[in-house]
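Quick look at final_9.txt (compact mmCIF, C-alpha atoms):
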```
# COMPACT_ATOMS: atom_id res chain seq x y z
CA MET A 54 -4.19 -19.88 6.46
CA SER A 55 -6.90 -17.39 5.53
CA ALA A 56 -9.54 -18.06 2.87
CA LEU A 57 -8.24 -17.98 -0.70
CA PHE A 58 -10.62 -15.20 -1.75
CA GLU A 59 -12.92 -12.74 0.00
CA GLU A 60 -14.82 -9.71 -1.29
CA LEU A 61 -14.65 -7.29 1.63
CA ASP A 62 -16.92 -4.63 0.14
CA TYR A 63 -18.77 -3.83 -3.08
CA SER A 64 -20.38 -0.42 -3.63
CA PRO A 65 -21.89 1.47 -6.56
CA THR A 66 -20.34 4.90 -7.23
CA PRO A 67 -20.94 7.67 -9.78
CA ILE A 68 -18.12 6.25 -11.94
CA GLY A 69 -19.01 2.56 -11.57
CA ALA A 70 -19.04 -0.19 -8.99
CA ILE A 71 -15.95 -0.39 -6.80
CA SER A 72 -14.85 -3.40 -4.80
CA LEU A 73 -12.25 -4.27 -2.20
CA ARG A 74 -10.97 -7.83 -2.38
CA ARG A 75 -8.51 -9.98 -0.48
CA ARG A 76 -6.77 -12.91 -2.12
CA HIS A 77 -4.36 -15.39 -0.58
CA ILE A 78 -1.54 -16.19 -2.99
CA LEU A 79 -0.29 -19.66 -2.14
CA ALA A 80 3.00 -19.30 -4.01
CA LEU A 81 3.91 -16.24 -1.96
CA LYS A 82 2.20 -17.32 1.27
CA THR A 83 0.66 -13.90 1.65
CA ASP A 84 -2.64 -12.04 1.52
CA VAL A 85 -3.03 -9.42 -1.20
CA PHE A 86 -5.61 -6.64 -1.07
CA GLU A 87 -6.93 -5.25 -4.36
CA ILE A 88 -9.20 -2.40 -5.42
CA LEU A 89 -11.21 -2.86 -8.62
CA LEU A 90 -13.43 -0.44 -10.50
CA GLY A 91 -15.69 -2.77 -12.42
CA GLU A 92 -13.19 -5.30 -13.77
CA GLU A 93 -10.33 -2.81 -13.91
CA HIS A 94 -7.60 -3.24 -11.31
CA LEU A 95 -6.78 0.06 -9.62
CA MET A 96 -4.38 -0.93 -6.86
CA SER A 97 -2.78 -3.92 -5.18
CA SER A 98 -1.02 -4.19 -1.84
CA LEU A 99 1.55 -6.35 -3.62
CA PHE A 100 2.84 -3.42 -5.67
CA THR A 101 3.35 -0.29 -3.59
CA ALA A 102 6.92 0.82 -4.34
CA SER A 103 5.98 3.68 -6.65
CA GLU A 104 3.12 4.88 -4.42
CA VAL A 105 5.60 5.12 -1.53
CA ALA A 106 8.19 6.74 -3.81
CA LEU A 107 5.67 9.41 -4.79
CA ALA A 108 5.59 10.62 -1.18
CA ASP A 109 9.28 10.09 -0.44
CA LEU A 110 10.55 11.82 -3.59
CA GLY A 111 8.09 14.69 -3.33
CA ILE A 112 8.90 15.42 0.30
CA ALA A 113 12.64 14.95 -0.23
CA ALA A 114 12.51 17.74 -2.82
CA LEU A 115 11.27 20.20 -0.17
CA LYS A 116 13.24 22.28 2.31
CA GLY A 117 12.34 23.02 5.90
CA GLY A 118 9.75 21.56 8.20
CA ASP A 119 6.15 22.06 9.29
CA LEU A 120 5.07 20.77 5.89
CA ASP A 121 1.46 20.92 4.76
CA VAL A 122 0.87 18.16 2.18
CA LEU A 123 -2.08 17.32 -0.04
CA VAL A 124 -2.56 13.89 -1.62
CA GLY A 125 -4.98 13.35 -4.49
CA GLY A 126 -6.20 9.74 -4.41
CA LEU A 127 -6.44 7.57 -1.30
CA GLY A 128 -6.63 3.98 -2.54
CA LEU A 129 -5.13 1.56 -0.04
CA GLY A 130 -3.32 4.49 1.58
CA TYR A 131 0.34 3.78 0.89
CA THR A 132 1.22 7.27 -0.40
CA ALA A 133 -0.49 8.89 2.58
CA LYS A 134 1.20 6.53 5.04
CA ALA A 135 4.60 7.20 3.50
CA ALA A 136 4.01 10.96 3.75
CA LEU A 137 3.12 10.69 7.44
CA ALA A 138 6.31 8.72 8.07
CA HIS A 139 8.22 11.98 7.52
CA GLU A 140 8.52 13.93 10.76
CA THR A 141 8.56 17.17 8.77
CA VAL A 142 4.93 16.60 7.70
CA VAL A 143 2.61 18.20 10.25
CA ARG A 144 -0.61 18.28 8.19
CA LEU A 145 -1.85 15.89 5.53
CA THR A 146 -5.07 16.21 3.54
CA VAL A 147 -6.15 13.29 1.35
CA VAL A 148 -8.85 13.90 -1.25
CA ASP A 149 -10.69 10.98 -2.84
CA LEU A 150 -13.72 11.01 -5.11
CA LEU A 151 -15.24 7.82 -3.74
CA GLU A 152 -16.95 7.62 -0.35
CA PRO A 153 -16.51 3.82 -0.05
CA VAL A 154 -12.72 4.14 -0.22
CA ILE A 155 -12.67 6.60 2.67
CA ARG A 156 -15.10 4.38 4.59
CA TRP A 157 -12.80 1.36 4.18
CA HIS A 158 -10.10 3.25 6.04
CA ARG A 159 -12.45 4.41 8.77
CA GLU A 160 -13.78 0.87 9.23
CA GLY A 161 -10.35 -0.76 9.11
CA LEU A 162 -10.96 -2.99 6.08
CA VAL A 163 -7.61 -2.12 4.44
CA PRO A 164 -4.22 -3.63 5.38
CA MET A 165 -3.23 -0.63 7.54
CA LYS A 166 -6.60 -0.81 9.37
CA THR A 167 -7.63 2.64 10.69
CA GLU A 168 -4.10 4.02 10.88
CA LEU A 169 -4.75 6.99 8.59
CA ALA A 170 -8.21 7.79 9.96
CA ASP A 171 -6.83 7.74 13.53
CA ASP A 172 -3.78 9.96 12.86
CA PRO A 173 -4.55 13.51 14.09
CA ARG A 174 -2.33 14.97 11.37
CA CYS A 175 -4.39 13.34 8.61
CA LYS A 176 -7.72 14.53 7.21
CA LEU A 177 -9.63 12.33 4.75
CA VAL A 178 -11.88 14.35 2.44
CA GLN A 179 -14.41 13.16 -0.14
CA GLY A 180 -14.21 15.38 -3.19
CA ASP A 181 -13.35 15.63 -6.88
CA PHE A 182 -9.65 16.45 -6.91
CA PHE A 183 -9.67 17.65 -10.51
CA ALA A 184 -12.71 19.89 -10.10
CA LEU A 185 -11.18 21.40 -6.97
CA ALA A 186 -7.87 21.96 -8.76
CA ALA A 187 -9.68 23.94 -11.45
CA SER A 188 -11.78 25.96 -9.00
CA ASP A 189 -11.06 29.41 -7.63
CA THR A 190 -11.24 28.32 -3.99
CA GLY A 191 -9.14 25.16 -4.12
CA PHE A 192 -9.18 22.23 -1.71
CA ASP A 193 -10.15 23.78 1.64
CA PRO A 194 -13.58 25.47 1.89
CA ASP A 195 -12.58 26.95 5.25
CA ARG A 196 -9.43 28.54 3.80
CA PRO A 197 -10.08 29.54 0.17
CA ALA A 198 -6.98 29.39 -2.06
CA ARG A 199 -5.02 27.56 0.67
CA GLN A 200 -1.53 26.67 -0.51
CA TYR A 201 0.42 23.48 0.22
CA ASP A 202 4.10 22.58 0.33
CA ALA A 203 3.47 19.49 -1.80
CA ILE A 204 0.59 18.18 -3.87
CA LEU A 205 0.99 14.47 -4.67
CA ILE A 206 -1.34 12.86 -7.22
CA ASP A 207 -2.04 9.15 -7.63
CA ILE A 208 -5.36 8.84 -9.45
CA ASP A 209 -5.06 8.05 -13.16
CA HIS A 210 -2.90 5.23 -14.53
CA THR A 211 -0.98 7.75 -16.65
CA PRO A 212 -1.84 11.16 -18.16
CA GLU A 213 -2.93 9.25 -21.27
CA ARG A 214 -4.75 6.38 -19.52
CA LEU A 215 -7.43 8.08 -17.47
CA LEU A 216 -9.51 6.47 -14.77
CA HIS A 217 -12.61 8.34 -15.92
CA GLY A 218 -13.53 11.52 -17.77
CA GLY A 219 -13.30 13.81 -14.75
CA SER A 220 -9.61 14.53 -15.31
CA GLU A 221 -9.95 15.66 -18.92
CA GLY A 222 -8.25 19.01 -19.27
CA PHE A 223 -6.05 18.56 -16.18
CA TYR A 224 -3.03 17.14 -18.01
CA THR A 225 -2.45 20.30 -20.02
CA ALA A 226 -0.25 23.31 -19.39
CA GLU A 227 -3.38 25.28 -18.48
CA GLY A 228 -4.65 22.59 -16.10
CA LEU A 229 -1.31 22.26 -14.36
CA ARG A 230 -0.92 26.02 -14.04
CA ALA A 231 -4.33 26.10 -12.34
CA LEU A 232 -3.06 23.55 -9.80
CA LYS A 233 0.12 25.56 -9.33
CA ARG A 234 -1.92 28.34 -7.70
CA PHE A 235 -2.35 26.10 -4.66
CA LEU A 236 1.37 25.48 -4.15
CA LYS A 237 3.53 27.62 -1.90
CA PRO A 238 6.68 29.16 -3.44
CA GLY A 239 9.26 26.38 -3.56
CA GLY A 240 6.46 23.83 -3.41
CA VAL A 241 6.41 20.61 -5.40
CA VAL A 242 3.77 18.74 -7.34
CA GLY A 243 4.28 14.98 -7.75
CA LEU A 244 2.52 12.80 -10.30
CA TRP A 245 2.45 8.99 -10.23
CA SER A 246 2.46 7.00 -13.47
CA ASP A 247 2.01 3.29 -14.11
CA GLU A 248 4.57 3.46 -16.94
CA ALA A 249 8.27 4.26 -17.31
CA PRO A 250 9.33 7.93 -17.58
CA ASP A 251 8.13 9.68 -20.72
CA GLY A 252 9.91 12.82 -21.89
CA ALA A 253 6.68 14.27 -23.26
CA ILE A 254 5.14 14.27 -19.78
CA THR A 255 8.22 15.89 -18.26
CA ASP A 256 8.09 18.53 -20.99
CA LEU A 257 4.42 19.14 -20.22
CA LEU A 258 5.23 19.73 -16.54
CA GLY A 259 7.98 22.07 -17.68
CA GLU A 260 5.40 24.26 -19.40
CA ALA A 261 3.71 24.92 -16.07
CA PHE A 262 6.55 24.72 -13.54
CA GLU A 263 9.96 26.37 -13.41
CA GLU A 264 11.62 23.02 -12.75
CA ALA A 265 10.43 19.60 -13.92
CA TRP A 266 11.97 16.15 -13.85
CA ALA A 267 11.11 12.45 -13.76
CA GLU A 268 12.30 9.71 -11.42
CA PRO A 269 12.09 6.04 -12.47
CA VAL A 270 10.90 3.59 -9.83
CA VAL A 271 12.11 0.04 -10.47
CA PHE A 272 10.90 -2.98 -8.51
CA ALA A 273 10.63 -6.75 -8.91
CA ASN A 274 7.33 -8.42 -9.73
CA PRO A 275 7.11 -11.51 -7.48
CA LEU A 276 4.34 -12.96 -9.65
CA GLN A 277 6.66 -13.05 -12.68
CA ASP A 278 9.82 -14.59 -11.20
CA GLY A 279 11.15 -11.20 -10.11
CA ARG A 280 10.89 -9.53 -13.50
CA GLU A 281 11.71 -5.83 -13.14
CA VAL A 282 8.91 -3.33 -13.57
CA THR A 283 9.59 0.37 -14.17
CA GLN A 284 7.08 3.04 -13.23
CA ALA A 285 7.59 6.78 -12.80
CA VAL A 286 7.17 9.73 -10.48
CA TYR A 287 7.10 13.13 -12.20
CA LEU A 288 7.96 16.21 -10.18
CA GLY A 289 7.50 19.92 -10.83
CA ARG A 290 8.66 22.79 -8.63
CA LYS A 291 7.13 26.24 -8.25
CA VAL A 292 9.92 28.80 -7.79
```
Kindly return the structure encoded in the file as structure tokens.
Amino acid sequence: MSALFEELDYSPTPIGAISLRRRHILALKTDVFEILLGEEHLMSSLFTASEVALADLGIAALKGGDLDVLVGGLGLGYTAKAALAHETVVRLTVVDLLEPVIRWHREGLVPMKTELADDPRCKLVQGDFFALAASDTGFDPDRPARQYDAILIDIDHTPERLLHGGSEGFYTAEGLRALKRFLKPGGVVGLWSDEAPDGAITDLLGEAFEEAWAEPVVFANPLQDGREVTQAVYLGRKV
């Protein structure tokens, strides 16, 4: 059995100290990896269903192959890994604000080791997703205004519960229309939320995209005797 607790890395960042921790949960006989910003839990390897669903639902809504996908937010990498599991995805760019998070993947400190960093289809980029979404040039300095088949976002807890102030103004019709510029026709934006579907958020997406809908993601919490948890993936399509 591994040690009950280990802090794998602790680094200061512009938005606060971030840490990567591993805990062994005796009741489940498993190791759990967690990312914390200060004392706030950002992600756990024990709860990944909705992060995976973000990729699967977003890509399932697309037609054709040779897909070029952008993910906002790296974390432990489950959305990116799920995207790469689709044979139709030929290019994946993952943008994360925090250098330590990208370094964890390059050094193999996360559960999937260096899988993402080693995949030739995957490019890990340090950058401010929200600032890039609002810019004129977009996410690729070598190809200004580059468009993607899907843009999948897993950064804030919900559009109302923000990780930090950098995303202020993004969750508006104007902010979403700015992002829409970087989608190909027929492309899809996906938005992860820690809470159950909210009609107000779907309506907001509908102000910027021709089609908008929400998908509930239901899974059992093993730490609470299997109690069901409902989170959401919101999707908007550019026609």
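For Lys237 in chain A, the residues within 12 Å (counting all atoms listed in the file, excluding itself and residues fewer than 2 positions away along the chain) are Leu115, Lys116, Leu120, Asp121, Val122, Leu123, Ala198, Arg199, Gln200, Tyr201, Asp202, Ala203, Ile204, Leu232, Lys233, Arg234, Phe235, Gly239, Gly240, Val241, Val242, Arg290, Lys291 and Val292 of chain A.
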message: Which residues are near range 99-101 of chain A? Cut-off 8 Å, all atoms listed in the file, ignore same chain within fewer than 2 positions. Put them as a PyMOL selection string.
response: chain A and resi 85-86+96-97+103-105+131+274
query: Between A:Ala106, A:Leu150, A:Val142, A:Leu90, which one has atoms that come closest to Ala285 in chain A, using all atoms listed in the file?
result: A:Ala106
Residues near range 162-169 of chain A, anyone? I mean within 12 Å using all atoms listed in the file, not counting same-chain ones fewer than 2 positions away, as a short mmCIF file (atom, residue, chain, number, x, y, z; two decimals) with C-alpha atoms, in the frame of the given file.
```cif
data_model
loop_
_atom_site.label_atom_id
_atom_site.label_comp_id
_atom_site.auth_asym_id
_atom_site.auth_seq_id
_atom_site.Cartn_x
_atom_site.Cartn_y
_atom_site.Cartn_z
CA GLU A 59 -12.92 -12.74 0.00
CA GLU A 60 -14.82 -9.71 -1.29
CA LEU A 61 -14.65 -7.29 1.63
CA ASP A 62 -16.92 -4.63 0.14
CA SER A 72 -14.85 -3.40 -4.80
CA LEU A 73 -12.25 -4.27 -2.20
CA ARG A 74 -10.97 -7.83 -2.38
CA ARG A 75 -8.51 -9.98 -0.48
CA THR A 83 0.66 -13.90 1.65
CA ASP A 84 -2.64 -12.04 1.52
CA VAL A 85 -3.03 -9.42 -1.20
CA PHE A 86 -5.61 -6.64 -1.07
CA GLU A 87 -6.93 -5.25 -4.36
CA ILE A 88 -9.20 -2.40 -5.42
CA MET A 96 -4.38 -0.93 -6.86
CA SER A 97 -2.78 -3.92 -5.18
CA SER A 98 -1.02 -4.19 -1.84
CA LEU A 99 1.55 -6.35 -3.62
CA LEU A 127 -6.44 7.57 -1.30
CA GLY A 128 -6.63 3.98 -2.54
CA LEU A 129 -5.13 1.56 -0.04
CA GLY A 130 -3.32 4.49 1.58
CA TYR A 131 0.34 3.78 0.89
CA THR A 132 1.22 7.27 -0.40
CA ALA A 133 -0.49 8.89 2.58
CA LYS A 134 1.20 6.53 5.04
CA ALA A 135 4.60 7.20 3.50
CA ALA A 136 4.01 10.96 3.75
CA LEU A 137 3.12 10.69 7.44
CA ALA A 138 6.31 8.72 8.07
CA LEU A 145 -1.85 15.89 5.53
CA THR A 146 -5.07 16.21 3.54
CA VAL A 147 -6.15 13.29 1.35
CA PRO A 153 -16.51 3.82 -0.05
CA VAL A 154 -12.72 4.14 -0.22
CA ILE A 155 -12.67 6.60 2.67
CA ARG A 156 -15.10 4.38 4.59
CA TRP A 157 -12.80 1.36 4.18
CA HIS A 158 -10.10 3.25 6.04
CA ARG A 159 -12.45 4.41 8.77
CA GLU A 160 -13.78 0.87 9.23
CA ASP A 171 -6.83 7.74 13.53
CA ASP A 172 -3.78 9.96 12.86
CA PRO A 173 -4.55 13.51 14.09
CA ARG A 174 -2.33 14.97 11.37
CA CYS A 175 -4.39 13.34 8.61
CA LYS A 176 -7.72 14.53 7.21
CA LEU A 177 -9.63 12.33 4.75
CA VAL A 178 -11.88 14.35 2.44
#
```
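One distance worth recording is that between CA of Asp119 in chain A and CA of Leu107 in chain A, which is 18.9 Å.
CA of Tyr63 in chain A sits 27.2 Å away from CA of Pro212 in chain A.
When the distance limit is 8 Å and all atoms listed in the file are what count, the residues near Phe182 in chain A, minus those fewer than 2 positions from it on the same chain, are Gly125, Gly126, Val148, Asp149, Leu150, Gly180, Ala184, Leu185, Ala186 and Phe192 of chain A.
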Output file for the residues above (C-alpha atoms, as an mmCIF file, in the frame of the given file):
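Full text of again29.cif as output:
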```cif
data_model
loop_
_atom_site.group_PDB
_atom_site.id
_atom_site.type_symbol
_atom_site.label_atom_id
_atom_site.label_comp_id
_atom_site.auth_asym_id
_atom_site.auth_seq_id
_atom_site.Cartn_x
_atom_site.Cartn_y
_atom_site.Cartn_z
ATOM 1 C CA GLY A 125 -4.980 13.350 -4.490
ATOM 2 C CA GLY A 126 -6.200 9.740 -4.410
ATOM 3 C CA VAL A 148 -8.850 13.900 -1.250
ATOM 4 C CA ASP A 149 -10.690 10.980 -2.840
ATOM 5 C CA LEU A 150 -13.720 11.010 -5.110
ATOM 6 C CA GLY A 180 -14.210 15.380 -3.190
ATOM 7 C CA ALA A 184 -12.710 19.890 -10.100
ATOM 8 C CA LEU A 185 -11.180 21.400 -6.970
ATOM 9 C CA ALA A 186 -7.870 21.960 -8.760
ATOM 10 C CA PHE A 192 -9.180 22.230 -1.710
#
```
Could the centre and edge lengths of an axis-aligned box, enclosing all atoms of range 249-268 of chain A in the file with 8 Å extra on each side, be given in Å to one decimal as lines of an AutoDock Vina configuration file?
```
center_x = 8.0
center_y = 15.3
center_z = -17.3
size_x = 24.6
size_y = 38.1
size_z = 27.8
```
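The closest residue to Gly191 in chain A, picked from A:Leu236, A:Glu221, A:Gly279, A:Glu227 and counting only C-alpha atoms, is A:Leu236.
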- line: re CA of Gly69 in chain A and CA of Gly91 in chain A: distance 6.3 Å
Tell me which residues come within 6 Å of (9.9, 0.7, -5.2), as a compact mmCIF listing (two decimals) with C-alpha atoms, in the frame of the given file, counting only C-alpha atoms in the file's coordinates.
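Result went into point.txt, see below:
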```txt
# COMPACT_ATOMS: atom_id res chain seq x y z
CA ALA A 102 6.92 0.82 -4.34
CA SER A 103 5.98 3.68 -6.65
CA VAL A 270 10.90 3.59 -9.83
CA VAL A 271 12.11 0.04 -10.47
CA PHE A 272 10.90 -2.98 -8.51
```
Write out as a compact mmCIF listing (two decimals) with C-alpha atoms, in the coordinates of the input which residues come within 7 Å of Leu229 in chain A when counting only C-alpha atoms, dropping same-chain ones fewer than 5 positions away.
```txt
# COMPACT_ATOMS: atom_id res chain seq x y z
CA PHE A 223 -6.05 18.56 -16.18
CA TYR A 224 -3.03 17.14 -18.01
CA ALA A 261 3.71 24.92 -16.07
```
task: Step by step: start from the point (-1.7, -22.1, 1.7) in the file's coordinates, keep every protein, DNA or RNA residue that has an atom no farther than 12 Å from it, count only C-alpha atoms, and write the set as a list in words.
output: Met54, Ser55, Ala56, Leu57, Phe58, Arg76, His77, Ile78, Leu79, Ala80, Leu81, Lys82, Thr83 and Asp84 of chain A
